[in-house]
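File shown: data.pdb (PDB, C-alpha atoms).
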MODEL        1
ATOM      1  CA  MET A1299     136.347  61.861  55.404
ATOM      2  CA  PRO A1300     133.511  61.795  58.011
ATOM      3  CA  ARG A1301     131.155  64.724  58.280
ATOM      4  CA  LYS A1302     131.265  67.106  61.201
ATOM      5  CA  ASN A1303     128.215  65.672  63.007
ATOM      6  CA  GLN A1304     128.834  62.042  62.092
ATOM      7  CA  ILE A1305     130.158  59.651  64.767
ATOM      8  CA  SER A1306     132.712  56.941  64.172
ATOM      9  CA  PRO A1307     131.917  53.209  64.606
ATOM     10  CA  GLU A1308     134.158  53.100  67.702
ATOM     11  CA  GLU A1309     132.194  55.946  69.342
ATOM     12  CA  SER A1310     128.918  54.232  68.484
ATOM     13  CA  GLN A1311     130.091  50.944  70.054
ATOM     14  CA  LEU A1312     131.285  52.793  73.179
ATOM     15  CA  PHE A1313     127.891  54.499  73.542
ATOM     16  CA  ARG A1314     126.030  51.139  73.253
ATOM     17  CA  GLU A1315     128.214  49.649  75.979
ATOM     18  CA  LEU A1316     127.581  52.592  78.310
ATOM     19  CA  VAL A1317     123.778  52.513  77.949
ATOM     20  CA  ALA A1318     123.383  48.707  77.854
ATOM     21  CA  ASP A1319     122.105  48.494  81.476
ATOM     22  CA  THR A1320     119.587  51.337  81.197
ATOM     23  CA  SER A1321     115.858  51.145  80.502
ATOM     24  CA  PRO A1322     113.880  53.599  78.376
ATOM     25  CA  LEU A1323     111.751  56.283  80.052
ATOM     26  CA  VAL A1324     108.001  55.834  80.081
ATOM     27  CA  GLN A1325     106.043  58.666  78.448
ATOM     28  CA  ASP A1326     103.461  60.088  80.870
ATOM     29  CA  LYS A1327     101.330  61.279  77.934
ATOM     30  CA  LYS A1328     100.387  64.508  79.683
ATOM     31  CA  TRP A1329     100.232  67.536  77.474
ATOM     32  CA  HIS A1330     100.937  70.911  79.002
ATOM     33  CA  HIS A1331      99.336  73.713  77.056
ATOM     34  CA  SER A1332      99.657  77.398  77.777
ATOM     35  CA  THR A1333      96.443  79.373  78.264
ATOM     36  CA  PRO A1334      95.600  81.521  75.237
ATOM     37  CA  VAL A1335      95.767  85.278  75.772
ATOM     38  CA  ALA A1336      92.046  85.724  75.075
ATOM     39  CA  ALA A1337      91.158  83.233  77.823
ATOM     40  CA  LYS A1338      93.417  85.060  80.304
ATOM     41  CA  THR A1339      91.701  88.356  79.484
ATOM     42  CA  LYS A1340      88.249  86.837  80.007
ATOM     43  CA  ALA A1341      89.353  85.304  83.318
ATOM     44  CA  LYS A1342      90.645  88.684  84.504
ATOM     45  CA  ALA A1343      87.280  90.293  83.687
ATOM     46  CA  ARG A1344      85.570  87.729  85.946
ATOM     47  CA  LEU A1345      87.652  88.703  88.994
ATOM     48  CA  PRO A1346      85.703  89.848  92.041
ATOM     49  CA  ALA A1347      85.412  93.600  92.467
ATOM     50  CA  LYS A1348      87.733  93.658  95.496
ATOM     51  CA  GLU A1349      90.544  92.040  93.480
ATOM     52  CA  GLN A1350      89.966  94.482  90.617
ATOM     53  CA  ALA A1351      90.259  97.297  93.169
ATOM     54  CA  LEU A1352      93.852  96.179  93.843
ATOM     55  CA  PHE A1353      94.673  97.828  90.533
ATOM     56  CA  TYR A1354      95.302 101.055  92.433
ATOM     57  CA  PHE A1355      97.824  99.621  94.886
ATOM     58  CA  SER A1356     101.441  99.242  93.829
ATOM     59  CA  ASP A1357     103.954  97.975  96.371
ATOM     60  CA  GLN A1358     106.834  99.675  94.556
ATOM     61  CA  TYR A1359     105.305 103.167  94.617
ATOM     62  CA  GLU A1360     106.584 105.190  97.579
ATOM     63  CA  GLY A1361     104.894 108.563  97.095
ATOM     64  CA  TYR A1362     104.346 109.219 100.788
ATOM     65  CA  VAL A1363     107.232 109.432 103.235
ATOM     66  CA  SER A1364     106.433 109.868 106.908
ATOM     67  CA  THR A1365     108.393 112.637 108.624
ATOM     68  CA  GLY A1366     107.684 111.458 112.147
ATOM     69  CA  GLY A1367     104.974 109.891 114.278
ATOM     70  CA  THR A1368     102.123 111.888 112.731
ATOM     71  CA  GLN A1369     100.975 110.969 109.249
ATOM     72  CA  SER A1370      98.995 113.561 107.336
ATOM     73  CA  TYR A1371      97.970 113.860 103.672
ATOM     74  CA  ALA A1372      95.496 115.847 101.612
ATOM     75  CA  ALA A1373      95.022 115.145  97.899
ATOM     76  CA  PRO A1374      96.372 117.982  95.702
ATOM     77  CA  GLU A1375      92.896 119.217  94.739
ATOM     78  CA  GLU A1376      91.595 119.134  98.352
ATOM     79  CA  ASP A1377      91.648 121.752 101.108
ATOM     80  CA  ALA A1378      94.478 121.221 103.623
ATOM     81  CA  LEU A1379      91.972 121.974 106.424
ATOM     82  CA  LEU A1380      90.517 118.488 105.948
ATOM     83  CA  THR A1381      93.507 116.995 107.749
ATOM     84  CA  ARG A1382      93.007 119.409 110.650
ATOM     85  CA  ALA A1383      89.374 118.304 110.962
ATOM     86  CA  LEU A1384      90.503 114.657 111.010
ATOM     87  CA  LYS A1385      93.217 115.443 113.588
ATOM     88  CA  ARG A1386      90.739 117.141 115.922
ATOM     89  CA  GLY A1387      88.215 114.313 115.601
ATOM     90  CA  GLN A1388      85.611 116.600 114.035
ATOM     91  CA  ILE A1389      84.879 113.910 111.441
ATOM     92  CA  GLN A1390      83.913 110.608 113.042
ATOM     93  CA  PRO A1391      84.675 107.335 111.222
ATOM     94  CA  GLN A1392      81.661 105.315 110.191
ATOM     95  CA  VAL A1393      83.571 102.041 109.859
ATOM     96  CA  THR A1394      86.786 100.562 111.253
ATOM     97  CA  LEU A1395      89.176  98.099 109.629
ATOM     98  CA  ASP A1396      91.678  96.268 111.847
ATOM     99  CA  LEU A1397      94.736  94.969 109.959
ATOM    100  CA  HIS A1398      96.536  93.473 112.998
ATOM    101  CA  GLY A1399      98.197  90.137 112.275
ATOM    102  CA  MET A1400      97.731  90.314 108.497
ATOM    103  CA  THR A1401     100.401  89.930 105.849
ATOM    104  CA  GLN A1402     100.981  92.772 103.399
ATOM    105  CA  GLN A1403      99.019  90.960 100.692
ATOM    106  CA  GLN A1404      96.086  90.251 103.029
ATOM    107  CA  ALA A1405      96.102  93.844 104.306
ATOM    108  CA  LYS A1406      96.165  95.216 100.762
ATOM    109  CA  LEU A1407      93.200  93.051  99.775
ATOM    110  CA  GLU A1408      91.224  94.025 102.895
ATOM    111  CA  LEU A1409      91.974  97.724 102.369
ATOM    112  CA  ALA A1410      90.831  97.508  98.742
ATOM    113  CA  SER A1411      87.660  95.734  99.882
ATOM    114  CA  LEU A1412      86.973  98.363 102.517
ATOM    115  CA  LEU A1413      87.384 101.263 100.089
ATOM    116  CA  HIS A1414      85.101  99.546  97.588
ATOM    117  CA  TRP A1415      82.531  98.786 100.284
ATOM    118  CA  CYS A1416      82.632 102.401 101.542
ATOM    119  CA  GLU A1417      81.937 103.564  98.001
ATOM    120  CA  LEU A1418      78.946 101.223  97.694
ATOM    121  CA  GLN A1419      77.591 102.158 101.131
ATOM    122  CA  GLN A1420      78.271 105.899 100.650
ATOM    123  CA  LEU A1421      80.474 106.114 103.763
ATOM    124  CA  HIS A1422      82.824 109.103 103.782
ATOM    125  CA  CYS A1423      85.134 108.361 106.737
ATOM    126  CA  ALA A1424      86.930 105.184 107.824
ATOM    127  CA  CYS A1425      89.404 104.288 110.545
ATOM    128  CA  ILE A1426      92.189 101.953 109.443
ATOM    129  CA  VAL A1427      94.023 100.326 112.358
ATOM    130  CA  HIS A1428      97.410  99.162 111.081
ATOM    131  CA  GLY A1429      99.108  98.858 114.468
ATOM    132  CA  LYS A1430     102.660  99.785 115.383
ATOM    133  CA  GLY A1431     104.629  96.530 115.514
ATOM    134  CA  LEU A1432     107.578  96.559 113.126
ATOM    135  CA  GLY A1433     106.003  99.429 111.207
ATOM    136  CA  ILE A1434     105.672  97.561 107.903
ATOM    137  CA  LEU A1435     101.937  98.192 107.494
ATOM    138  CA  ALA A1436     102.343 101.662 109.016
ATOM    139  CA  ARG A1437     104.599 102.490 106.033
ATOM    140  CA  LYS A1438     102.616 100.609 103.375
ATOM    141  CA  VAL A1439      99.050 101.734 104.182
ATOM    142  CA  PRO A1440      99.638 105.481 103.530
ATOM    143  CA  ASN A1441     101.393 104.683 100.235
ATOM    144  CA  TRP A1442      98.475 102.506  99.167
ATOM    145  CA  LEU A1443      95.929 105.135 100.203
ATOM    146  CA  ILE A1444      97.455 107.993  98.196
ATOM    147  CA  GLN A1445      97.208 105.842  95.060
ATOM    148  CA  HIS A1446      93.435 105.449  95.360
ATOM    149  CA  PRO A1447      91.385 108.081  93.474
ATOM    150  CA  ASN A1448      88.643 108.249  96.160
ATOM    151  CA  VAL A1449      90.957 109.139  99.047
ATOM    152  CA  ARG A1450      90.633 112.842  99.805
ATOM    153  CA  ALA A1451      92.766 113.005 102.958
ATOM    154  CA  PHE A1452      94.054 111.036 105.926
ATOM    155  CA  HIS A1453      95.599 111.828 109.279
ATOM    156  CA  THR A1454      96.909 109.926 112.277
ATOM    157  CA  ALA A1455      93.869 109.068 114.367
ATOM    158  CA  PRO A1456      93.085 110.847 117.640
ATOM    159  CA  ARG A1457      93.849 108.921 120.845
ATOM    160  CA  SER A1458      90.278 107.585 121.074
ATOM    161  CA  TRP A1459      90.656 105.839 117.700
ATOM    162  CA  GLY A1460      94.159 104.382 118.085
ATOM    163  CA  ARG A1461      96.616 107.312 117.788
ATOM    164  CA  ASP A1462      99.893 106.264 116.059
ATOM    165  CA  GLY A1463      98.571 102.805 115.214
ATOM    166  CA  ALA A1464      95.646 104.043 113.115
ATOM    167  CA  LEU A1465      94.647 106.459 110.359
ATOM    168  CA  LEU A1466      91.385 108.303 109.798
ATOM    169  CA  VAL A1467      90.651 108.379 106.069
ATOM    170  CA  LEU A1468      88.276 110.795 104.363
ATOM    171  CA  LEU A1469      86.795 109.443 101.124
ATOM    172  CA  ARG A1470      85.297 111.086  98.051
ATOM    173  CA  LEU A1471      81.713 110.044  97.406
ATOM    174  CA  ALA A1472      79.776 109.935  94.162
ATOM    175  CA  LYS A1473      78.288 113.285  93.106
ATOM    176  CA  GLY A1474      74.669 113.815  93.994
ATOM    177  CA  SER A1475      74.577 111.606  97.084
ATOM    178  CA  VAL A1476      73.253 112.999 100.361
ATOM    179  CA  ALA A1477      76.395 111.977 102.268
ATOM    180  CA  ALA A1478      78.629 113.715  99.702
ATOM    181  CA  LYS A1479      76.792 117.001 100.235
ATOM    182  CA  ASP A1480      77.058 116.670 104.038
ATOM    183  CA  SER A1481      80.817 115.998 103.971
ATOM    184  CA  ASP A1482      81.786 118.936 101.715
ATOM    185  CA  ASN A1483      82.261 121.307 104.670
ATOM    186  CA  PRO A1484      83.717 119.222 107.524
ATOM    187  CA  ALA A1485      85.689 122.016 109.215
TER     188      ALA A1485
ENDMDL
END
Could you render the structure from this file as structure tokens?
Amino acid sequence: MPRKNQISPEESQLFRELVADTSPLVQDKKWHHSTPVAAKTKAKARLPAKEQALFYFSDQYEGYVSTGGTQSYAAPEEDALLTRALKRGQIQPQVTLDLHGMTQQQAKLELASLLHWCELQQLHCACIVHGKGLGILARKVPNWLIQHPNVRAFHTAPRSWGRDGALLVLLRLAKGSVAAKDSDNPA
């Protein structure tokens, strides 16, 4: 009695007849190795600072929901009067970032770069122009901002800085800097 996995002579002959006109495949001799985990970790450590700053920004996190045209936020440990000072234009932005025409990924990278640059340059206020358009960046930018530990507050910009298409962002500076002491009492 033949074994379970054994083929009969008739089946073997039938197989030979079916494959008689075929030619064997040529081996390309290329080996595909996966990158070891240690090498991936080292490569991640070599990332530029702006890409490491993306750590804060999750696209799935929706912690801020806009209730209308005006967007306003103050970090839990901050004074709510900061948003009023931003609304009235009492705190002037020192730098502006225009995100018009960018994809979400490009905008996220540019925003991370700006926040990192502001930290290095000791700038405490920035204007982020996201535009109106379809409102995709207008919804994403506030959710990215509230995830960053250096964002103290933001508010829809006054008319002179872009109104509904822009946000004024107040940033936390390193302790002991001159700019940090000046920005403690903006109102």
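Straight-line separation from atom CA of A:Val1467 to atom CA of A:His1422: 8.2 Å.
If you apply the PyMOL selection byres ((chain A and resi 1434) around 12) to this structure, you end up with Asp1357, Leu1397, His1398, Gly1399, Met1400, Thr1401, Gln1402, Gln1403, Ala1405, His1428, Gly1429, Lys1430, Gly1431, Leu1432, Gly1433, Leu1435, Ala1436, Arg1437, Lys1438, Val1439, Pro1440, Asn1441 and Gly1463 of chain A.
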Two-atom distance - atom CA of A:Ile1426, atom CA of A:His1446 (Å): 14.6 Å
Nearest to A:Asp1396 by atom-to-atom distance, counting only C-alpha atoms, from A:Ala1464, A:Leu1316, A:Ala1455, A:Leu1421: A:Ala1464
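Candidate residues A:Leu1468, A:Cys1416, A:Val1427, A:Leu1443 were compared for distance to A:Leu1379, and the nearest is A:Leu1468, using all atoms listed in the file.
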Atom pair atom CA of A:Thr1381 / atom CA of A:Gln1420: separation (Å): 20.1 Å
Kindly provide, as JSON, the centre and edge lengths (Å, one decimal) of an axis-aligned box around all atoms of stretch 1372-1376 of chain A given in the file, with 4 Å on each side.
{"center_x": 94.0, "center_y": 117.2, "center_z": 98.2, "size_x": 12.8, "size_y": 12.1, "size_z": 14.9}
Long-range neighbours of A:Ala1372 as a PyMOL selection string, 8 Å cut-off, only C-alpha atoms, 6 positions minimum in chain: chain A and resi 1378+1380-1381+1450-1452
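Restricting the calculation to only C-alpha atoms, the smallest distance between A:Leu1384 and any of A:Val1317, A:Leu1469, A:Leu1312, A:Leu1418 is found for A:Leu1469.
Using only C-alpha atoms, the smallest distance between any of A:Thr1320, A:Thr1454, A:Gln1445, A:Ser1411 and A:Leu1466 comes from A:Thr1454.
With only C-alpha atoms as the basis for measurement, A:Trp1442 is the residue among A:Glu1309, A:Gln1392, A:Tyr1371, A:Trp1442 that approaches A:Lys1406 most closely.
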Residues within 10 Å of (80.7, 104.8, 98.7), file coords, all atoms listed in the file, listed as a PyMOL selection string: chain A and resi 1412-1423+1448+1469-1472+1475+1477-1478
Can I get stretch 1410-1422 of chain A with N, CA and C atoms filled in, as a PDB file, in the coordinates of the input?
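Written out: out_2.pdb:
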ATOM      1  N   ALA A1410      91.539  97.315 100.009  1.00  0.00           N
ATOM      2  CA  ALA A1410      90.831  97.508  98.742  1.00  0.00           C
ATOM      3  C   ALA A1410      89.341  97.184  98.906  1.00  0.00           C
ATOM      4  N   SER A1411      89.059  96.116  99.643  1.00  0.00           N
ATOM      5  CA  SER A1411      87.660  95.734  99.882  1.00  0.00           C
ATOM      6  C   SER A1411      86.928  96.800 100.682  1.00  0.00           C
ATOM      7  N   LEU A1412      87.599  97.330 101.704  1.00  0.00           N
ATOM      8  CA  LEU A1412      86.973  98.363 102.517  1.00  0.00           C
ATOM      9  C   LEU A1412      86.654  99.605 101.691  1.00  0.00           C
ATOM     10  N   LEU A1413      87.616 100.061 100.895  1.00  0.00           N
ATOM     11  CA  LEU A1413      87.384 101.263 100.089  1.00  0.00           C
ATOM     12  C   LEU A1413      86.249 101.051  99.090  1.00  0.00           C
ATOM     13  N   HIS A1414      86.190  99.870  98.522  1.00  0.00           N
ATOM     14  CA  HIS A1414      85.101  99.546  97.588  1.00  0.00           C
ATOM     15  C   HIS A1414      83.756  99.504  98.324  1.00  0.00           C
ATOM     16  N   TRP A1415      83.756  98.885  99.498  1.00  0.00           N
ATOM     17  CA  TRP A1415      82.531  98.786 100.284  1.00  0.00           C
ATOM     18  C   TRP A1415      82.055 100.169 100.720  1.00  0.00           C
ATOM     19  N   CYS A1416      82.993 101.035 101.149  1.00  0.00           N
ATOM     20  CA  CYS A1416      82.632 102.401 101.542  1.00  0.00           C
ATOM     21  C   CYS A1416      81.995 103.154 100.378  1.00  0.00           C
ATOM     22  N   GLU A1417      82.502 102.923  99.184  1.00  0.00           N
ATOM     23  CA  GLU A1417      81.937 103.564  98.001  1.00  0.00           C
ATOM     24  C   GLU A1417      80.500 103.087  97.770  1.00  0.00           C
ATOM     25  N   LEU A1418      80.294 101.778  97.903  1.00  0.00           N
ATOM     26  CA  LEU A1418      78.946 101.223  97.694  1.00  0.00           C
ATOM     27  C   LEU A1418      77.967 101.686  98.770  1.00  0.00           C
ATOM     28  N   GLN A1419      78.452 101.785 100.011  1.00  0.00           N
ATOM     29  CA  GLN A1419      77.591 102.158 101.131  1.00  0.00           C
ATOM     30  C   GLN A1419      77.509 103.673 101.345  1.00  0.00           C
ATOM     31  N   GLN A1420      78.237 104.445 100.538  1.00  0.00           N
ATOM     32  CA  GLN A1420      78.271 105.899 100.650  1.00  0.00           C
ATOM     33  C   GLN A1420      78.762 106.358 102.029  1.00  0.00           C
ATOM     34  N   LEU A1421      79.851 105.730 102.501  1.00  0.00           N
ATOM     35  CA  LEU A1421      80.474 106.114 103.763  1.00  0.00           C
ATOM     36  C   LEU A1421      81.657 107.017 103.439  1.00  0.00           C
ATOM     37  N   HIS A1422      81.782 108.138 104.136  1.00  0.00           N
ATOM     38  CA  HIS A1422      82.824 109.103 103.782  1.00  0.00           C
ATOM     39  C   HIS A1422      84.039 109.093 104.707  1.00  0.00           C
TER      40      HIS A1422
END
